[in-house]
Amino acid sequence: MKRSLLFNMLFVLLLLAMLPGGMALAQEENVLVIAIPGDIETLDPPFSRFQRSNETNLNIYDQFFRYGSVDTGLGYSVADTGTIEGASVESWEWSEDLSSIVLNIREGATFNKTGREVTADDFIYWFERAVGTESGTLWNVNTANIASWEKTGPHQVTLQFSQLSPWLFFLFRDQSQGPMDAIEAQANVADDDPWAARWLAKNDVGSGEFYVESWEPGVAMVLRANPDYWAGKAFFDQIVLQVVPSSADRALLLREGEVDIAASLSTDELAALEGAEGVKVLTVPTRNQMIMGLNVTEGPLANKLVRQALSYAVPYDDIIEGIFGGKAKKSAGPVPVDGKHHDGSVWPYDYDPDKARELLAEAGYADGFEFTLDIASGVATTEQIAVVLQAAYADVGVTMNINLQTAAVFGEQLGTLGHQAWMRDLLWYVDDPGYTGVATFRTGGITNWMGYSNETIDGLIVQMNGTLDEELKAELAREYQRIVSDEAPQLFLADMPFEIAMRDDIHGYVQLPDNLLWYWPLYRE
Amino acid sequence: MLDSMREWGFFLLRRFGFFLIALFGVSVITFTVTHKIGNPVYLLVGTRYNQEMLDNIRREIGLDRPLHEQYLRYAGNLLQGNLGISRFSYNPVLEDIGRRLPATLELSSWALAMGVLWAVPAGILAALRPQGRMARLADLAARTGVSMPGFWLGLLLIFVFFAELHWFPAPLGRIARSIGPPQYVTGWYSIDTLLAGDREAFFSSVSHLILPALTLAITTSPSTLQITRKRMQEVLQSDYIRSARAFGLPGNKVYRYALRNTLGPVITMIAMTYGYLLSGTVLVEVVFTWPGLGLYAVDAMNHSDYEPIMGVVLLSSGFYLLVYLASDIFNALFDPRVRTEL
């Protein structure tokens with residue numbers, strides 16, 4: 001009888017052991033729930049414009065390169081922009097004269113949905129699609145000075161440059177720069193959609209750390225970890241991107257443990273969550289600057305002395321303490337305080353209303369003048385800063401009107417130089433003063449929304465971007481910062497931190513330069 | 001008989017004509033306003049563009065044409081049932097609306113039912129005993145409902161019933177994530193789960209519905225309550241009810257007559273409230289993460305996506321106008337004078 005019982009028990013145990021995963025003895029999956037404010041826009045990286053889509057694409061496509069990271073000892077790591085690691089490109093070799101580069105594609109990496117191996121053909125298709133779609137990806141290709149690309153092996157592509165390419169690695173770790181399954185994409189083209197943009201907006205064909213398991217628009221997107229990812233499977237088997245439009249709800253759900261991470265909370269909500277049981281708030285320095293741009297082409301703002309006066313009249317400490325709760329850093333010029341080759345010694349401005357009045361008098365505006373600051377509605381921080389500035393400028397006799405605009409009007413007027421003055425943040429995800437210079441302070445630069453033009457600055461930018469000698473670049477950058485600070489086409493109001501709230505058992509956070517959340521290194525402990 | 005039919009024919013033609021003119025007016029206003037709030041091209045390209053890219057997008061979405069030409073093209077598409085393509089979701093707007101509409105319809109219908117079930121009896125009781133407890137309670141509830149913003153009440157209910165008491169699930173959509181949506185039949189989860197015979201899913205969908213529906217019911221039912229009470233009081237004081245009482249009709253019968261005469265304006269008000277609910281759930285949908293038309297419109301506004309905004313506004317206006325049309329026809333059925341009015 002006893003023997004029979006023992007036999008039966010062994011038999012049952014054997015049966016249980018043979019059960020497939022997901023049944024009686026299944027291990028619980030590691031699931032990370034992230035509350036996000038709105039739906040994901042598109043899964044087609046070149047067309048991704050908003051933070052949520054950028055973040056999703058970063059995690060489902062395997063970019064050409066990635067940054068290394070450094071543990072800060074403060075409970076998070078930061079991307080080390082000085083260390084470039086391979087991702088879908090495993091290794092690379094520059095030509096001696098730096099006019100070309102050979103990219104060796106990681107062998108054995110496969111696309112998540114089809115299981116096909118990633119090859120040079122997928123990379124060539126990616127470049128062709130960049131040109132064909134004329135999307136932001138093409139802008140990256142052009143800005144990296146890539147003149148041509150060629151398949152030089154089944155897992156090798158060679159790029160030729162039209163001139164030195166100082167930002168190749170920075171630009172090609174961007175979320176839009178990851179190979180896609182060319183065969184799958186081409187199988188879904190339409191007569192009026194030769195690049196399958198409509199299909200790819202809803203379907204992922206990447207080889208990244210995760211892939212899309214399900215997507216209920218307006219409700220949630222579920223990502224599943226790639227079990228064969230070349231760097232190893234992520235800790236979390238599943239990432240749930242739960243749409244929760246109300247930020248008050250996101251904060252409450254985090255506090256209640258219903259979600260693990262709450263994205264895009266207001267400063268007040270983050271402050272209220274600090275100290276809440278089971279919740280931690282990470283405050284991480286970034287290269288995101290709050291900037292007030294001045295249209296230098298006409299009126300009082302065309303006068304350098306006036307712009308300097310406005311810079312002296314900014315109550316920097318009030319902004320940092322009153323609006324950012326002391327968590328922002330005082331800006332000191334066009335290169336963020338934590339940016340490469342920043343030199344604070346050439347930044348002349350502190351809050352000095354007397355000096356501001358003096359400069360205004362010298363400029364012929366002793367009785368003050370009036371101008372309008374345009375800001376996009378719905379951004380609480382810019383509205384708060386604008387009110388502080390309005391009071392400070394009134395104190396030196398300058399009347400600043402605040403004009404709230406819809407995002408579309410604001411964006412249009414930036415592009416057409418329609419603002420007298422504007423305020424917004426600019427995040428410098430490429431950590432190079434030459435890049436910020438070419439975008440913002442070069443004559444006709446893409447974000448030169450001030451109409452600023454200075455031949456010396458244009459020359460310095462060309463020189464900075466024409467050298468890989470970091471010492472020389474630092475020297476050039478110093479002069480560049482000195483001139484831009486002196487001419488003050490922009491007022492640098494604060495270097496803002498990035499804050500994110502999560503459950504205190506979530507670890508492994510890595511701060512990326514573009515403030516996107518990278519899911520792969522996260523784990524629960 | 002012929003005269004009456006002719007009268008009805010003219011009446012319906014006139015009302016339907018007004019309906020079309022109003023709809024045309026709405027389409028012109030919506031189109032003009034959305035196209036005057038800014039050029040979305042710069043938002044579409046982000047910060048990585050050149051002039052050629054700008055021109056291409058402008059041409060692609062037709063913004064290089066004069067405004068009247070753009071409108072004519074839009075109106076032509078409308079007549080073919082084409083509301084355009086969302087530049088955020090990349091779907092035809094009609095398809096997006098079709099997917100979101102059942103969620104809004106379900107929420108609005110539940111809210112209406114909850115509101116009516118409370119407001120009509122409360123209004124009647126308050127009218128019967130103007131100094132009674134029910135009348136005072138009705139006053140209080142009506143004032144509270146009118147003065148409290150829906151989104152704030154929603155947050156309050158979430159805080160109390162989810163965060164503090166844990167009576168209801170987290171405000172995360174229409175059904176628990178672990179259960180998932182039922183097979184599509186009507187698009188109403190509370191019905192589809194029943195049809196599927198899935199009790200757990202049914203209770204989950206209903207528990208997700210109650211707080212948002214209650215929020216809407218509290219904030220929209222006061223008008224029904226007030227009109228029921230006022231109309232019932234008027235009827236109770238009317239000559240024919242006084243006569244009925246004088247003739248010694250039993251109380252129940254008198255009240256039944258009074259109720260029947262009260263219901264006309266009450267039903268009209270309920271119809272109006274439903275029209276409002278179908279277009280006015282935006283903030284409550286945001287607070288409860290309810291994936292309906294309101295949330296769709298908010299997403300579209302956040303991304304300056306014209307077509308969905310125009311589509312939702314047009315649809316909401318259409319609902320309203322239909323409700324007014326139905327209300328006119330309903331009134332005409334009971335009051336022949338309405339049929340001859342201009």
# chains A, B, ... in the order shown; residues from 1 in each chain; ligands from 1
>>> interface_residues(of="chain A", to="chain B", cutoff="8 Å", atoms="only C-alpha atoms", output="NGL selection string")
:A and (38-39 or 41-42 or 49 or 134-136 or 139-140 or 198 or 201 or 218-219 or 242-246 or 249 or 252-253 or 256 or 258 or 406-412 or 415 or 446-447)
>>> write_last_selection(atoms="C-alpha atoms", output="PDB file, in the first residue's frame")
ATOM      1  CA  GLY A  38      -0.981  59.474 -24.150  1.00  0.00           C
ATOM      2  CA  ASP A  39      -1.011  56.884 -26.855  1.00  0.00           C
ATOM      3  CA  GLU A  41       1.923  57.720 -32.217  1.00  0.00           C
ATOM      4  CA  THR A  42       3.810  55.470 -34.602  1.00  0.00           C
ATOM      5  CA  ARG A  49       7.999  62.962 -33.372  1.00  0.00           C
ATOM      6  CA  GLU A 134      12.570  62.393 -46.695  1.00  0.00           C
ATOM      7  CA  SER A 135      11.952  61.947 -42.992  1.00  0.00           C
ATOM      8  CA  GLY A 136      13.928  63.046 -39.938  1.00  0.00           C
ATOM      9  CA  TRP A 139      18.243  64.739 -41.737  1.00  0.00           C
ATOM     10  CA  ASN A 140      20.448  62.625 -39.485  1.00  0.00           C
ATOM     11  CA  ARG A 198       1.158  53.292 -43.226  1.00  0.00           C
ATOM     12  CA  ALA A 201       3.195  52.914 -38.341  1.00  0.00           C
ATOM     13  CA  GLY A 218      -5.875  54.640 -26.416  1.00  0.00           C
ATOM     14  CA  VAL A 219      -5.635  51.931 -23.753  1.00  0.00           C
ATOM     15  CA  GLN A 242      -0.718  51.898 -19.860  1.00  0.00           C
ATOM     16  CA  VAL A 243      -2.297  55.119 -21.115  1.00  0.00           C
ATOM     17  CA  VAL A 244      -3.377  57.276 -18.168  1.00  0.00           C
ATOM     18  CA  PRO A 245      -4.060  60.803 -19.434  1.00  0.00           C
ATOM     19  CA  SER A 246      -4.605  62.432 -16.046  1.00  0.00           C
ATOM     20  CA  ASP A 249      -4.237  59.566 -11.689  1.00  0.00           C
ATOM     21  CA  LEU A 252      -2.143  58.087  -7.436  1.00  0.00           C
ATOM     22  CA  LEU A 253      -1.720  54.776  -9.280  1.00  0.00           C
ATOM     23  CA  GLU A 256      -1.091  52.662  -4.763  1.00  0.00           C
ATOM     24  CA  GLU A 258      -0.919  49.788  -9.512  1.00  0.00           C
ATOM     25  CA  THR A 406      -1.424  77.127 -29.405  1.00  0.00           C
ATOM     26  CA  ALA A 407       1.414  74.691 -30.058  1.00  0.00           C
ATOM     27  CA  ALA A 408       0.815  74.910 -33.810  1.00  0.00           C
ATOM     28  CA  VAL A 409       0.943  78.722 -33.921  1.00  0.00           C
ATOM     29  CA  PHE A 410       3.971  78.759 -31.656  1.00  0.00           C
ATOM     30  CA  GLY A 411       5.772  76.203 -33.821  1.00  0.00           C
ATOM     31  CA  GLU A 412       4.898  77.993 -37.031  1.00  0.00           C
ATOM     32  CA  GLY A 415       9.953  78.491 -38.128  1.00  0.00           C
ATOM     33  CA  ILE A 446      17.606  74.876 -38.108  1.00  0.00           C
ATOM     34  CA  THR A 447      16.761  76.124 -34.604  1.00  0.00           C
TER      35      THR A 447
END
>>> residues_around(residues="Tyr351 in chain A", least_positions_apart="4", cutoff="9 Å", atoms="only C-alpha atoms", output="CSV table (one decimal) with C-alpha atoms, in the first residue's frame")
chain,number,residue,atom,x,y,z
A,311,SER,CA,20.1,89.0,-19.3
A,312,TYR,CA,21.2,91.0,-16.2
A,313,ALA,CA,17.5,91.5,-15.1
A,314,VAL,CA,16.8,87.7,-14.9
A,315,PRO,CA,16.3,86.7,-11.3
A,316,TYR,CA,18.1,83.3,-11.8
A,317,ASP,CA,18.0,82.2,-8.2
A,355,LYS,CA,23.4,97.1,-14.3
A,356,ALA,CA,20.4,96.3,-16.4
>>> residues_around(residues="range 498-503 of chain A", least_positions_apart="5", cutoff="9 Å", atoms="only C-alpha atoms", output="ChimeraX atom specification")
/A:34,251,254-255,257,259-265,267,270,273-274,277-286,288,511,515
>>> atom_distance(atom1="CA of Gly459 in chain A", atom2="CA of Thr443 in chain A")
10.4 Å
>>> closest_residue(among="A:Ile319, A:Ala376, A:Leu241, A:Val118", to="Val205 in chain A", atoms="only C-alpha atoms")
A:Val118
>>> select_by_dssp(residues="range 446-515 of chain A", states="alpha helix (DSSP H)", output="PyMOL selection string")
chain A and resi 455-464+470-487
>>> write_last_selection(atoms="C-alpha atoms", output="PDB file, in the first residue's frame")
ATOM      1  CA  GLU A 455      30.473  85.689 -39.265  1.00  0.00           C
ATOM      2  CA  THR A 456      32.958  84.992 -36.478  1.00  0.00           C
ATOM      3  CA  ILE A 457      30.561  82.536 -34.857  1.00  0.00           C
ATOM      4  CA  ASP A 458      29.895  80.861 -38.224  1.00  0.00           C
ATOM      5  CA  GLY A 459      33.639  80.464 -38.681  1.00  0.00           C
ATOM      6  CA  LEU A 460      34.157  79.066 -35.184  1.00  0.00           C
ATOM      7  CA  ILE A 461      31.397  76.521 -35.735  1.00  0.00           C
ATOM      8  CA  VAL A 462      32.978  75.381 -38.982  1.00  0.00           C
ATOM      9  CA  GLN A 463      36.327  75.022 -37.222  1.00  0.00           C
ATOM     10  CA  MET A 464      34.825  73.117 -34.271  1.00  0.00           C
ATOM     11  CA  GLU A 470      39.392  67.819 -28.421  1.00  0.00           C
ATOM     12  CA  GLU A 471      41.883  70.321 -27.013  1.00  0.00           C
ATOM     13  CA  LEU A 472      41.557  72.563 -30.023  1.00  0.00           C
ATOM     14  CA  LYS A 473      37.786  72.119 -29.939  1.00  0.00           C
ATOM     15  CA  ALA A 474      37.683  73.154 -26.273  1.00  0.00           C
ATOM     16  CA  GLU A 475      39.597  76.305 -27.124  1.00  0.00           C
ATOM     17  CA  LEU A 476      37.290  77.126 -30.014  1.00  0.00           C
ATOM     18  CA  ALA A 477      34.262  76.318 -27.860  1.00  0.00           C
ATOM     19  CA  ARG A 478      35.430  78.763 -25.215  1.00  0.00           C
ATOM     20  CA  GLU A 479      35.556  81.612 -27.722  1.00  0.00           C
ATOM     21  CA  TYR A 480      32.211  80.549 -29.159  1.00  0.00           C
ATOM     22  CA  GLN A 481      30.620  80.611 -25.687  1.00  0.00           C
ATOM     23  CA  ARG A 482      32.178  83.988 -24.899  1.00  0.00           C
ATOM     24  CA  ILE A 483      30.823  85.634 -28.038  1.00  0.00           C
ATOM     25  CA  VAL A 484      27.334  84.111 -27.818  1.00  0.00           C
ATOM     26  CA  SER A 485      27.070  85.049 -24.133  1.00  0.00           C
ATOM     27  CA  ASP A 486      28.188  88.598 -24.901  1.00  0.00           C
ATOM     28  CA  GLU A 487      25.808  89.009 -27.835  1.00  0.00           C
TER      29      GLU A 487
END
>>> closest_residue(among="B:Val206, B:Ile227, B:Val26, B:Met134", to="Ile267 in chain B", atoms="only C-alpha atoms")
B:Ile227
>>> residues_around(residues="range 221-236 of chain A", least_positions_apart="2", cutoff="9 Å", atoms="only C-alpha atoms", output="JSON, numbers by chain")
{"A": [29, 30, 31, 32, 39, 40, 56, 60, 87, 88, 106, 108, 109, 110, 112, 207, 208, 209, 210, 211, 212, 213, 214, 215, 216, 217, 218, 219, 238, 239, 240, 241, 242, 243, 519, 520, 521, 522, 523, 524]}
>>> residues_around(residues="Arg66 in chain A", least_positions_apart="5", cutoff="9 Å", atoms="only C-alpha atoms", output="CSV table (one decimal) with C-alpha atoms, in the first residue's frame")
chain,number,residue,atom,x,y,z
A,79,ALA,CA,24.9,57.4,-20.4
A,81,THR,CA,28.7,60.0,-24.2
A,83,THR,CA,32.0,55.8,-24.7
A,84,ILE,CA,30.4,54.4,-27.8
A,85,GLU,CA,29.5,50.7,-27.9
A,86,GLY,CA,28.2,48.7,-30.8
A,87,ALA,CA,24.5,47.6,-30.9
A,169,PHE,CA,28.0,58.0,-33.4
A,170,PHE,CA,25.8,60.5,-31.5
A,172,PHE,CA,23.2,57.0,-35.1
A,173,ARG,CA,22.3,56.0,-31.5
A,174,ASP,CA,19.2,58.0,-32.0
>>> residues_around(residues="Arg242 in chain B", least_positions_apart="6", cutoff="12 Å", atoms="only C-alpha atoms", output="PyMOL selection string")
chain B and resi 234-236+248-249+251+254-255+257-258
>>> write_last_selection(atoms="C-alpha atoms", output="PDB file, in the first residue's frame")
ATOM      1  CA  GLU B 234     -47.478  72.716 -12.298  1.00  0.00           C
ATOM      2  CA  VAL B 235     -49.532  69.737 -13.339  1.00  0.00           C
ATOM      3  CA  LEU B 236     -50.652  69.007  -9.786  1.00  0.00           C
ATOM      4  CA  GLY B 248     -63.393  62.125  -6.208  1.00  0.00           C
ATOM      5  CA  LEU B 249     -60.943  60.199  -8.380  1.00  0.00           C
ATOM      6  CA  GLY B 251     -55.255  59.471  -5.478  1.00  0.00           C
ATOM      7  CA  VAL B 254     -54.866  61.305 -10.202  1.00  0.00           C
ATOM      8  CA  TYR B 255     -51.114  60.886  -9.864  1.00  0.00           C
ATOM      9  CA  TYR B 257     -52.780  61.339 -14.963  1.00  0.00           C
ATOM     10  CA  ALA B 258     -50.409  63.951 -13.561  1.00  0.00           C
TER      11      ALA B 258
END
>>> atom_distance(atom1="CA of Glu55 in chain A", atom2="CA of Asp237 in chain A")
17.6 Å
>>> residues_around(residues="range 182-197 of chain A", least_positions_apart="5", cutoff="8 Å", atoms="only C-alpha atoms", output="PyMOL selection string")
chain A and resi 44+121-122+125-126+129+132-133+205
>>> write_last_selection(atoms="C-alpha atoms", output="compact mmCIF listing (two decimals), in the first residue's frame")
# COMPACT_ATOMS: atom_id res chain seq x y z
CA ASP A 44 7.86 53.76 -37.73
CA ASP A 121 20.65 44.36 -47.15
CA ASP A 122 18.48 45.59 -44.27
CA TYR A 125 17.21 49.40 -47.36
CA TRP A 126 17.23 51.57 -44.25
CA ARG A 129 14.15 54.44 -47.16
CA GLY A 132 12.78 57.95 -50.14
CA THR A 133 10.68 59.10 -47.21
CA VAL A 205 9.86 44.99 -37.72
>>> decode(residues="range 284-376 of chain A", atoms="C-alpha atoms", output="compact mmCIF listing (two decimals), in the first residue's frame")
# COMPACT_ATOMS: atom_id res chain seq x y z
CA VAL A 284 18.84 63.60 -12.79
CA PRO A 285 20.81 66.47 -14.30
CA THR A 286 20.40 66.84 -18.06
CA ARG A 287 21.49 69.04 -20.92
CA ASN A 288 17.98 70.44 -21.21
CA GLN A 289 18.06 74.22 -21.11
CA MET A 290 15.16 76.60 -20.61
CA ILE A 291 15.78 79.35 -23.11
CA MET A 292 14.28 82.70 -23.98
CA GLY A 293 15.09 83.54 -27.58
CA LEU A 294 15.08 87.12 -28.82
CA ASN A 295 14.41 88.14 -32.40
CA VAL A 296 17.55 90.16 -33.11
CA THR A 297 16.45 91.40 -36.51
CA GLU A 298 14.31 94.38 -35.49
CA GLY A 299 13.21 96.76 -32.74
CA PRO A 300 14.88 97.28 -29.37
CA LEU A 301 15.88 93.61 -29.21
CA ALA A 302 18.20 94.14 -32.19
CA ASN A 303 20.36 96.17 -29.82
CA LYS A 304 23.01 94.07 -28.08
CA LEU A 305 22.98 96.33 -25.00
CA VAL A 306 19.25 95.77 -24.56
CA ARG A 307 19.70 92.00 -24.76
CA GLN A 308 22.50 92.18 -22.21
CA ALA A 309 20.28 94.30 -19.95
CA LEU A 310 17.55 91.66 -20.17
CA SER A 311 20.11 88.99 -19.25
CA TYR A 312 21.15 90.96 -16.17
CA ALA A 313 17.53 91.47 -15.15
CA VAL A 314 16.77 87.73 -14.91
CA PRO A 315 16.33 86.65 -11.26
CA TYR A 316 18.15 83.35 -11.83
CA ASP A 317 18.01 82.17 -8.22
CA ASP A 318 14.29 82.90 -7.92
CA ILE A 319 13.64 80.74 -10.96
CA ILE A 320 15.82 77.89 -9.73
CA GLU A 321 14.53 77.94 -6.17
CA GLY A 322 10.94 79.07 -6.70
CA ILE A 323 10.05 77.12 -9.80
CA PHE A 324 12.41 74.15 -9.80
CA GLY A 325 12.59 73.73 -6.03
CA GLY A 326 16.35 74.14 -6.16
CA LYS A 327 16.77 71.11 -8.41
CA ALA A 328 17.78 72.96 -11.58
CA LYS A 329 21.24 74.34 -12.24
CA LYS A 330 22.03 77.92 -13.08
CA SER A 331 22.72 78.07 -16.79
CA ALA A 332 25.96 79.64 -17.91
CA GLY A 333 25.91 80.05 -21.65
CA PRO A 334 25.05 78.18 -24.81
CA VAL A 335 26.73 74.96 -23.71
CA PRO A 336 24.83 73.27 -20.85
CA VAL A 337 26.65 73.16 -17.53
CA ASP A 338 27.00 69.36 -17.85
CA GLY A 339 27.85 69.51 -21.53
CA LYS A 340 31.17 68.80 -23.17
CA HIS A 341 33.54 71.80 -23.27
CA HIS A 342 31.31 73.94 -21.12
CA ASP A 343 33.22 76.94 -19.80
CA GLY A 344 31.40 78.96 -17.16
CA SER A 345 34.24 81.46 -16.81
CA VAL A 346 33.08 83.38 -19.89
CA TRP A 347 29.50 83.77 -18.65
CA PRO A 348 29.12 87.34 -17.38
CA TYR A 349 25.55 87.44 -16.09
CA ASP A 350 24.18 87.44 -12.58
CA TYR A 351 21.01 89.06 -11.37
CA ASP A 352 21.90 92.76 -11.30
CA PRO A 353 18.94 95.11 -11.91
CA ASP A 354 21.12 98.24 -11.52
CA LYS A 355 23.44 97.07 -14.25
CA ALA A 356 20.39 96.29 -16.38
CA ARG A 357 19.06 99.84 -15.94
CA GLU A 358 22.49 101.26 -16.80
CA LEU A 359 22.69 99.24 -19.99
CA LEU A 360 19.16 100.21 -20.97
CA ALA A 361 20.01 103.89 -20.49
CA GLU A 362 23.18 103.44 -22.54
CA ALA A 363 21.13 101.83 -25.29
CA GLY A 364 18.75 104.80 -25.33
CA TYR A 365 15.93 103.07 -23.47
CA ALA A 366 16.21 104.75 -20.08
CA ASP A 367 12.41 104.94 -19.97
CA GLY A 368 12.10 101.30 -20.86
CA PHE A 369 10.31 99.69 -23.79
CA GLU A 370 7.68 97.09 -24.45
CA PHE A 371 7.92 93.70 -26.07
CA THR A 372 5.93 90.46 -26.27
CA LEU A 373 7.04 87.03 -25.16
CA ASP A 374 5.22 84.16 -26.89
CA ILE A 375 4.91 80.82 -25.16
CA ALA A 376 3.04 77.65 -26.05
